[in-house]
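The structure file structure26.txt is reproduced below (compact mmCIF, N, CA and C atoms and all ligand atoms).
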```txt
# COMPACT_ATOMS: atom_id res chain seq x y z
N MET Q 1 -26.02 59.66 -35.08
CA MET Q 1 -24.61 60.00 -34.86
C MET Q 1 -23.93 58.86 -34.13
N LEU Q 2 -22.74 58.56 -34.53
CA LEU Q 2 -21.97 57.50 -33.86
C LEU Q 2 -21.70 57.87 -32.40
N GLN Q 3 -21.73 56.83 -31.55
CA GLN Q 3 -21.42 57.08 -30.14
C GLN Q 3 -19.95 57.39 -29.92
N LEU Q 4 -19.10 56.71 -30.70
CA LEU Q 4 -17.65 56.82 -30.50
C LEU Q 4 -17.26 56.43 -29.08
N ARG Q 5 -17.47 55.18 -28.75
CA ARG Q 5 -17.14 54.69 -27.41
C ARG Q 5 -15.64 54.83 -27.14
N PRO Q 6 -15.29 55.06 -25.88
CA PRO Q 6 -13.92 55.48 -25.55
C PRO Q 6 -12.89 54.36 -25.45
N GLY Q 7 -13.32 53.10 -25.49
CA GLY Q 7 -12.32 52.06 -25.31
C GLY Q 7 -12.71 50.76 -25.98
N CYS Q 8 -11.74 49.83 -26.06
CA CYS Q 8 -11.97 48.51 -26.64
C CYS Q 8 -12.76 47.65 -25.67
N GLU Q 9 -13.78 46.98 -26.20
CA GLU Q 9 -14.62 46.15 -25.36
C GLU Q 9 -13.87 44.93 -24.82
N CYS Q 10 -12.85 44.50 -25.56
CA CYS Q 10 -12.09 43.32 -25.13
C CYS Q 10 -11.00 43.67 -24.12
N CYS Q 11 -10.17 44.64 -24.44
CA CYS Q 11 -8.97 44.88 -23.63
C CYS Q 11 -8.99 46.23 -22.94
N ASP Q 12 -10.03 47.03 -23.17
CA ASP Q 12 -10.21 48.32 -22.51
C ASP Q 12 -9.14 49.34 -22.88
N ARG Q 13 -8.44 49.09 -23.96
CA ARG Q 13 -7.47 50.07 -24.46
C ARG Q 13 -8.22 51.35 -24.87
N ASP Q 14 -7.62 52.49 -24.65
CA ASP Q 14 -8.24 53.76 -25.04
C ASP Q 14 -8.30 53.88 -26.57
N LEU Q 15 -9.43 54.33 -27.07
CA LEU Q 15 -9.62 54.54 -28.51
C LEU Q 15 -10.13 55.96 -28.73
N PRO Q 16 -9.21 56.91 -28.83
CA PRO Q 16 -9.62 58.32 -28.98
C PRO Q 16 -10.45 58.53 -30.23
N PRO Q 17 -11.49 59.36 -30.16
CA PRO Q 17 -12.42 59.54 -31.27
C PRO Q 17 -11.80 60.21 -32.49
N ASP Q 18 -10.67 60.88 -32.30
CA ASP Q 18 -10.05 61.60 -33.41
C ASP Q 18 -8.82 60.87 -33.94
N GLN Q 19 -8.68 59.58 -33.59
CA GLN Q 19 -7.54 58.82 -34.09
C GLN Q 19 -8.01 57.53 -34.74
N LEU Q 20 -7.18 57.03 -35.67
CA LEU Q 20 -7.46 55.75 -36.31
C LEU Q 20 -7.20 54.62 -35.32
N GLY Q 21 -7.68 53.43 -35.64
CA GLY Q 21 -7.35 52.27 -34.83
C GLY Q 21 -8.52 51.65 -34.11
N ALA Q 22 -9.72 52.23 -34.29
CA ALA Q 22 -10.91 51.65 -33.68
C ALA Q 22 -11.74 50.97 -34.76
N PHE Q 23 -12.38 49.86 -34.40
CA PHE Q 23 -13.23 49.12 -35.33
C PHE Q 23 -14.58 48.91 -34.68
N ILE Q 24 -15.64 49.06 -35.48
CA ILE Q 24 -16.99 48.93 -34.94
C ILE Q 24 -17.84 48.04 -35.84
N CYS Q 25 -18.89 47.43 -35.24
CA CYS Q 25 -19.90 46.74 -36.03
C CYS Q 25 -21.08 47.69 -36.18
N SER Q 26 -22.14 47.23 -36.83
CA SER Q 26 -23.27 48.12 -37.09
C SER Q 26 -23.97 48.54 -35.81
N LEU Q 27 -23.78 47.79 -34.74
CA LEU Q 27 -24.39 48.14 -33.45
C LEU Q 27 -23.42 48.94 -32.59
N GLU Q 28 -22.27 49.25 -33.17
CA GLU Q 28 -21.23 50.01 -32.47
C GLU Q 28 -20.60 49.28 -31.30
N CYS Q 29 -20.60 47.96 -31.34
CA CYS Q 29 -19.67 47.24 -30.49
C CYS Q 29 -18.29 47.70 -30.97
N THR Q 30 -17.40 48.05 -30.06
CA THR Q 30 -16.19 48.77 -30.42
C THR Q 30 -14.95 48.02 -29.95
N PHE Q 31 -13.99 47.85 -30.86
CA PHE Q 31 -12.79 47.08 -30.55
C PHE Q 31 -11.55 47.77 -31.11
N CYS Q 32 -10.40 47.47 -30.52
CA CYS Q 32 -9.14 48.01 -31.04
C CYS Q 32 -8.70 47.17 -32.24
N GLU Q 33 -7.71 47.68 -32.95
CA GLU Q 33 -7.24 47.00 -34.15
C GLU Q 33 -6.66 45.62 -33.83
N ALA Q 34 -5.91 45.52 -32.75
CA ALA Q 34 -5.28 44.24 -32.41
C ALA Q 34 -6.33 43.19 -32.12
N CYS Q 35 -7.32 43.51 -31.32
CA CYS Q 35 -8.36 42.52 -31.00
C CYS Q 35 -9.18 42.18 -32.24
N THR Q 36 -9.47 43.18 -33.06
CA THR Q 36 -10.26 42.94 -34.27
C THR Q 36 -9.59 41.91 -35.17
N HIS Q 37 -8.25 42.04 -35.32
CA HIS Q 37 -7.57 41.18 -36.28
C HIS Q 37 -7.09 39.86 -35.68
N THR Q 38 -6.59 39.88 -34.46
CA THR Q 38 -5.96 38.67 -33.93
C THR Q 38 -6.93 37.82 -33.11
N VAL Q 39 -7.96 38.43 -32.53
CA VAL Q 39 -8.87 37.68 -31.67
C VAL Q 39 -10.21 37.46 -32.35
N LEU Q 40 -10.74 38.52 -32.94
CA LEU Q 40 -12.10 38.45 -33.47
C LEU Q 40 -12.14 38.13 -34.97
N HIS Q 41 -11.01 38.33 -35.65
CA HIS Q 41 -10.91 38.06 -37.09
C HIS Q 41 -12.00 38.77 -37.88
N GLY Q 42 -12.22 40.03 -37.52
CA GLY Q 42 -13.09 40.88 -38.31
C GLY Q 42 -14.58 40.67 -38.11
N ARG Q 43 -14.95 39.84 -37.12
CA ARG Q 43 -16.37 39.60 -36.90
C ARG Q 43 -16.70 39.86 -35.43
N CYS Q 44 -17.79 40.59 -35.21
CA CYS Q 44 -18.15 40.97 -33.85
C CYS Q 44 -18.58 39.75 -33.03
N ARG Q 45 -17.98 39.61 -31.88
CA ARG Q 45 -18.29 38.47 -31.02
C ARG Q 45 -19.71 38.57 -30.45
N ASN Q 46 -20.20 39.77 -30.31
CA ASN Q 46 -21.51 39.96 -29.69
C ASN Q 46 -22.67 39.68 -30.64
N CYS Q 47 -22.56 40.18 -31.85
CA CYS Q 47 -23.72 40.14 -32.75
C CYS Q 47 -23.42 39.45 -34.07
N GLY Q 48 -22.17 39.07 -34.31
CA GLY Q 48 -21.84 38.37 -35.55
C GLY Q 48 -21.64 39.27 -36.75
N GLY Q 49 -21.76 40.58 -36.54
CA GLY Q 49 -21.64 41.52 -37.65
C GLY Q 49 -20.18 41.77 -38.02
N GLU Q 50 -19.99 42.34 -39.20
CA GLU Q 50 -18.63 42.62 -39.64
C GLU Q 50 -18.10 43.87 -38.94
N LEU Q 51 -16.81 43.84 -38.66
CA LEU Q 51 -16.15 44.98 -38.02
C LEU Q 51 -15.41 45.79 -39.06
N LEU Q 52 -15.70 47.07 -39.10
CA LEU Q 52 -15.07 47.97 -40.06
C LEU Q 52 -14.41 49.12 -39.32
N ALA Q 53 -13.42 49.73 -39.97
CA ALA Q 53 -12.72 50.84 -39.35
C ALA Q 53 -13.70 51.96 -39.01
N ARG Q 54 -13.60 52.47 -37.81
CA ARG Q 54 -14.47 53.56 -37.38
C ARG Q 54 -13.93 54.87 -37.93
N PRO Q 55 -14.80 55.67 -38.54
CA PRO Q 55 -14.32 56.96 -39.03
C PRO Q 55 -13.95 57.87 -37.87
N ARG Q 56 -12.96 58.71 -38.12
CA ARG Q 56 -12.56 59.66 -37.08
C ARG Q 56 -13.50 60.85 -37.07
N ARG Q 57 -13.70 61.44 -35.92
CA ARG Q 57 -14.43 62.70 -35.83
C ARG Q 57 -13.39 63.78 -35.58
N PRO Q 58 -13.33 64.76 -36.46
CA PRO Q 58 -12.29 65.79 -36.31
C PRO Q 58 -12.39 66.48 -34.95
N THR Q 59 -11.24 66.82 -34.41
CA THR Q 59 -11.18 67.43 -33.08
C THR Q 59 -12.11 68.63 -32.97
N GLU Q 60 -12.19 69.45 -34.03
CA GLU Q 60 -12.99 70.66 -33.94
C GLU Q 60 -14.49 70.37 -33.92
N LYS Q 61 -14.86 69.14 -34.26
CA LYS Q 61 -16.29 68.77 -34.22
C LYS Q 61 -16.69 68.16 -32.88
N LEU Q 62 -15.70 67.80 -32.09
CA LEU Q 62 -16.00 67.09 -30.85
C LEU Q 62 -16.60 67.99 -29.77
N GLY Q 63 -16.37 69.29 -29.88
CA GLY Q 63 -16.94 70.20 -28.91
C GLY Q 63 -18.45 70.20 -28.97
N ALA Q 64 -19.00 70.34 -30.18
CA ALA Q 64 -20.44 70.37 -30.35
C ALA Q 64 -21.04 68.97 -30.43
N ASN Q 65 -20.20 67.99 -30.79
CA ASN Q 65 -20.67 66.62 -30.96
C ASN Q 65 -19.78 65.67 -30.17
N PRO Q 66 -19.89 65.70 -28.86
CA PRO Q 66 -18.93 64.96 -28.04
C PRO Q 66 -19.06 63.45 -28.20
N ALA Q 67 -17.93 62.79 -28.07
CA ALA Q 67 -17.91 61.33 -28.10
C ALA Q 67 -18.48 60.78 -26.80
N SER Q 68 -18.94 59.54 -26.86
CA SER Q 68 -19.43 58.87 -25.65
C SER Q 68 -18.31 58.75 -24.63
N SER Q 69 -18.66 58.87 -23.36
CA SER Q 69 -17.67 58.64 -22.31
C SER Q 69 -18.00 57.36 -21.54
N VAL Q 70 -18.98 56.62 -22.03
CA VAL Q 70 -19.40 55.39 -21.35
C VAL Q 70 -18.54 54.23 -21.81
N ARG Q 71 -17.75 53.69 -20.92
CA ARG Q 71 -16.88 52.58 -21.28
C ARG Q 71 -17.69 51.29 -21.28
N VAL Q 72 -17.55 50.53 -22.38
CA VAL Q 72 -18.15 49.20 -22.45
C VAL Q 72 -17.00 48.22 -22.49
N HIS Q 73 -16.90 47.37 -21.48
CA HIS Q 73 -15.76 46.47 -21.38
C HIS Q 73 -16.20 45.15 -20.78
N LYS Q 74 -15.74 44.07 -21.39
CA LYS Q 74 -15.98 42.75 -20.81
C LYS Q 74 -14.84 42.42 -19.87
N PRO Q 75 -15.10 42.30 -18.58
CA PRO Q 75 -14.00 42.03 -17.64
C PRO Q 75 -13.25 40.75 -17.97
N GLN Q 76 -13.94 39.79 -18.56
CA GLN Q 76 -13.28 38.53 -18.89
C GLN Q 76 -12.52 38.61 -20.20
N GLY Q 77 -12.62 39.75 -20.91
CA GLY Q 77 -11.92 39.90 -22.17
C GLY Q 77 -12.56 39.10 -23.28
N CYS Q 78 -11.90 39.02 -24.43
CA CYS Q 78 -12.41 38.30 -25.58
C CYS Q 78 -11.40 37.23 -25.97
N GLY Q 79 -11.19 36.28 -25.12
CA GLY Q 79 -10.26 35.20 -25.42
C GLY Q 79 -10.76 34.36 -26.58
N PRO Q 80 -10.00 33.36 -26.96
CA PRO Q 80 -10.42 32.47 -28.06
C PRO Q 80 -11.83 31.94 -27.82
N ALA Q 81 -12.62 31.90 -28.87
CA ALA Q 81 -14.03 31.47 -28.71
C ALA Q 81 -14.08 30.00 -28.31
ZN ZN G 101 -8.64 45.45 -27.72
ZN ZN G 102 -21.65 43.83 -32.55
```
Turn the structure described in the file into structure tokens.
Amino acid sequence: MLQLRPGCECCDRDLPPDQLGAFICSLECTFCEACTHTVLHGRCRNCGGELLARPRRPTEKLGANPASSVRVHKPQGCGPA
């Protein structure tokens, strides 16, 4: 099951599990749409994997299958490589 991390690793923006706008790699490094496109250009800075849109988990499924509440954030952000 996907972890559905709660925020962008670069800018710490909230990424609700039931909304569009989150992008993940196969290891679930998680980024917002802006960072994915303008900073990372679709490739994960951590592992080199491709970033794809994270599927939403419907609100009614979150009760039994809660999203991760563990924030993963780089304090230095994801500036130009
Ligand atoms: Zn971001
Ligand atoms: Zn990654």
Please extract the residues at most 6 Å from ligand ZN 102 (chain G), counting all atoms listed in the file, and provide them as number ranges by chain, using the chain letters and residue numbers of this document. Q: 25-29, 44-49
May I have the residues within 5 Å of region 52-62 of chain Q as a PyMOL selection string, using only N, CA and C atoms and disregarding those fewer than 3 positions away in the same chain? chain Q and resi 17-18+22-24+65-66
Distance of CA of Gly21 (chain Q) from CA of Leu40 (chain Q), expressed in Å to one decimal place: 14.7 Å
For CA of Gly42 (chain Q) and atom C of Met1 (chain Q), the interatomic separation in Å (one decimal):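 About the pair CA of Gly42 (chain Q) and atom C of Met1 (chain Q): they are 21.4 Å apart.
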Extending 3 Å beyond the listed atoms of region 13-32 of chain Q on each side, what axis-aligned box results? I want centre and edge lengths in Å to one decimal, as lines of an AutoDock Vina configuration file.
```
center_x = -15.8
center_y = 54.2
center_z = -30.5
size_x = 23.2
size_y = 20.9
size_z = 19.1
```
Residues within 10 Å of ligand ZN 101 (chain G), counting only C-alpha atoms and all ligand atoms: report them as a PyMOL selection string. chain Q and resi 7-15+21-23+30-40+73+77-78
Please, what distance in Å, to one decimal, runs between atom N of Leu4 (chain Q) and CA of Ala67 (chain Q)?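 Interatomic distance here is 5.4 Å.
Within chain Q, the backbone-based DSSP assignment of strand (DSSP E) covers Ala22, Phe23, Ile24, Thr30, Phe31, Cys32, Leu52 and Ala53 of chain Q.
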DSSP-assigned helix (DSSP H, G or I) among chain Q, expressed as a VMD selection string: chain Q and resid 33 to 39 59 to 62
Would you mind exporting the chosen residues as a PDB file, in the coordinates of the input, restricted to N, CA and C atoms?
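Result went into out_0.pdb, see below:
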```
ATOM      1  N   GLU Q  33      -7.710  47.680 -32.950  1.00  0.00           N
ATOM      2  CA  GLU Q  33      -7.240  47.000 -34.150  1.00  0.00           C
ATOM      3  C   GLU Q  33      -6.660  45.620 -33.830  1.00  0.00           C
ATOM      4  N   ALA Q  34      -5.910  45.520 -32.750  1.00  0.00           N
ATOM      5  CA  ALA Q  34      -5.280  44.240 -32.410  1.00  0.00           C
ATOM      6  C   ALA Q  34      -6.330  43.190 -32.120  1.00  0.00           C
ATOM      7  N   CYS Q  35      -7.320  43.510 -31.320  1.00  0.00           N
ATOM      8  CA  CYS Q  35      -8.360  42.520 -31.000  1.00  0.00           C
ATOM      9  C   CYS Q  35      -9.180  42.180 -32.240  1.00  0.00           C
ATOM     10  N   THR Q  36      -9.470  43.180 -33.060  1.00  0.00           N
ATOM     11  CA  THR Q  36     -10.260  42.940 -34.270  1.00  0.00           C
ATOM     12  C   THR Q  36      -9.590  41.910 -35.170  1.00  0.00           C
ATOM     13  N   HIS Q  37      -8.250  42.040 -35.320  1.00  0.00           N
ATOM     14  CA  HIS Q  37      -7.570  41.180 -36.280  1.00  0.00           C
ATOM     15  C   HIS Q  37      -7.090  39.860 -35.680  1.00  0.00           C
ATOM     16  N   THR Q  38      -6.590  39.880 -34.460  1.00  0.00           N
ATOM     17  CA  THR Q  38      -5.960  38.670 -33.930  1.00  0.00           C
ATOM     18  C   THR Q  38      -6.930  37.820 -33.110  1.00  0.00           C
ATOM     19  N   VAL Q  39      -7.960  38.430 -32.530  1.00  0.00           N
ATOM     20  CA  VAL Q  39      -8.870  37.680 -31.670  1.00  0.00           C
ATOM     21  C   VAL Q  39     -10.210  37.460 -32.350  1.00  0.00           C
ATOM     22  N   THR Q  59     -11.240  66.820 -34.410  1.00  0.00           N
ATOM     23  CA  THR Q  59     -11.180  67.430 -33.080  1.00  0.00           C
ATOM     24  C   THR Q  59     -12.110  68.630 -32.970  1.00  0.00           C
ATOM     25  N   GLU Q  60     -12.190  69.450 -34.030  1.00  0.00           N
ATOM     26  CA  GLU Q  60     -12.990  70.660 -33.940  1.00  0.00           C
ATOM     27  C   GLU Q  60     -14.490  70.370 -33.920  1.00  0.00           C
ATOM     28  N   LYS Q  61     -14.860  69.140 -34.260  1.00  0.00           N
ATOM     29  CA  LYS Q  61     -16.290  68.770 -34.220  1.00  0.00           C
ATOM     30  C   LYS Q  61     -16.690  68.160 -32.880  1.00  0.00           C
ATOM     31  N   LEU Q  62     -15.700  67.800 -32.090  1.00  0.00           N
ATOM     32  CA  LEU Q  62     -16.000  67.090 -30.850  1.00  0.00           C
ATOM     33  C   LEU Q  62     -16.600  67.990 -29.770  1.00  0.00           C
TER      34      LEU Q  62
END
```
Got a minute to add N, CA, C and O atoms to region 64-75 of chain Q and dump it as an mmCIF file, in the frame of the given file?
```cif
data_model
loop_
_atom_site.group_PDB
_atom_site.id
_atom_site.type_symbol
_atom_site.label_atom_id
_atom_site.label_comp_id
_atom_site.auth_asym_id
_atom_site.auth_seq_id
_atom_site.Cartn_x
_atom_site.Cartn_y
_atom_site.Cartn_z
ATOM 1 N N ALA Q 64 -19.000 70.340 -30.180
ATOM 2 C CA ALA Q 64 -20.440 70.370 -30.350
ATOM 3 C C ALA Q 64 -21.040 68.970 -30.430
ATOM 4 O O ALA Q 64 -22.222 68.784 -30.175
ATOM 5 N N ASN Q 65 -20.200 67.990 -30.790
ATOM 6 C CA ASN Q 65 -20.670 66.620 -30.960
ATOM 7 C C ASN Q 65 -19.780 65.670 -30.170
ATOM 8 O O ASN Q 65 -18.986 64.926 -30.728
ATOM 9 N N PRO Q 66 -19.890 65.700 -28.860
ATOM 10 C CA PRO Q 66 -18.930 64.960 -28.040
ATOM 11 C C PRO Q 66 -19.060 63.450 -28.200
ATOM 12 O O PRO Q 66 -20.149 62.930 -28.443
ATOM 13 N N ALA Q 67 -17.930 62.790 -28.070
ATOM 14 C CA ALA Q 67 -17.910 61.330 -28.100
ATOM 15 C C ALA Q 67 -18.480 60.780 -26.800
ATOM 16 O O ALA Q 67 -18.479 61.449 -25.767
ATOM 17 N N SER Q 68 -18.940 59.540 -26.860
ATOM 18 C CA SER Q 68 -19.430 58.870 -25.650
ATOM 19 C C SER Q 68 -18.310 58.750 -24.630
ATOM 20 O O SER Q 68 -17.138 58.560 -24.974
ATOM 21 N N SER Q 69 -18.660 58.870 -23.360
ATOM 22 C CA SER Q 69 -17.670 58.640 -22.310
ATOM 23 C C SER Q 69 -18.000 57.360 -21.540
ATOM 24 O O SER Q 69 -17.389 57.068 -20.521
ATOM 25 N N VAL Q 70 -18.980 56.620 -22.030
ATOM 26 C CA VAL Q 70 -19.400 55.390 -21.350
ATOM 27 C C VAL Q 70 -18.540 54.230 -21.810
ATOM 28 O O VAL Q 70 -18.576 53.842 -22.979
ATOM 29 N N ARG Q 71 -17.750 53.690 -20.920
ATOM 30 C CA ARG Q 71 -16.880 52.580 -21.280
ATOM 31 C C ARG Q 71 -17.690 51.290 -21.280
ATOM 32 O O ARG Q 71 -18.425 50.994 -20.350
ATOM 33 N N VAL Q 72 -17.550 50.530 -22.380
ATOM 34 C CA VAL Q 72 -18.150 49.200 -22.450
ATOM 35 C C VAL Q 72 -17.000 48.220 -22.490
ATOM 36 O O VAL Q 72 -16.175 48.245 -23.396
ATOM 37 N N HIS Q 73 -16.900 47.370 -21.480
ATOM 38 C CA HIS Q 73 -15.760 46.470 -21.380
ATOM 39 C C HIS Q 73 -16.200 45.150 -20.780
ATOM 40 O O HIS Q 73 -16.963 45.124 -19.825
ATOM 41 N N LYS Q 74 -15.740 44.070 -21.390
ATOM 42 C CA LYS Q 74 -15.980 42.750 -20.810
ATOM 43 C C LYS Q 74 -14.840 42.420 -19.870
ATOM 44 O O LYS Q 74 -13.704 42.268 -20.326
ATOM 45 N N PRO Q 75 -15.100 42.300 -18.580
ATOM 46 C CA PRO Q 75 -14.000 42.030 -17.640
ATOM 47 C C PRO Q 75 -13.250 40.750 -17.970
ATOM 48 O O PRO Q 75 -12.059 40.635 -17.707
#
```
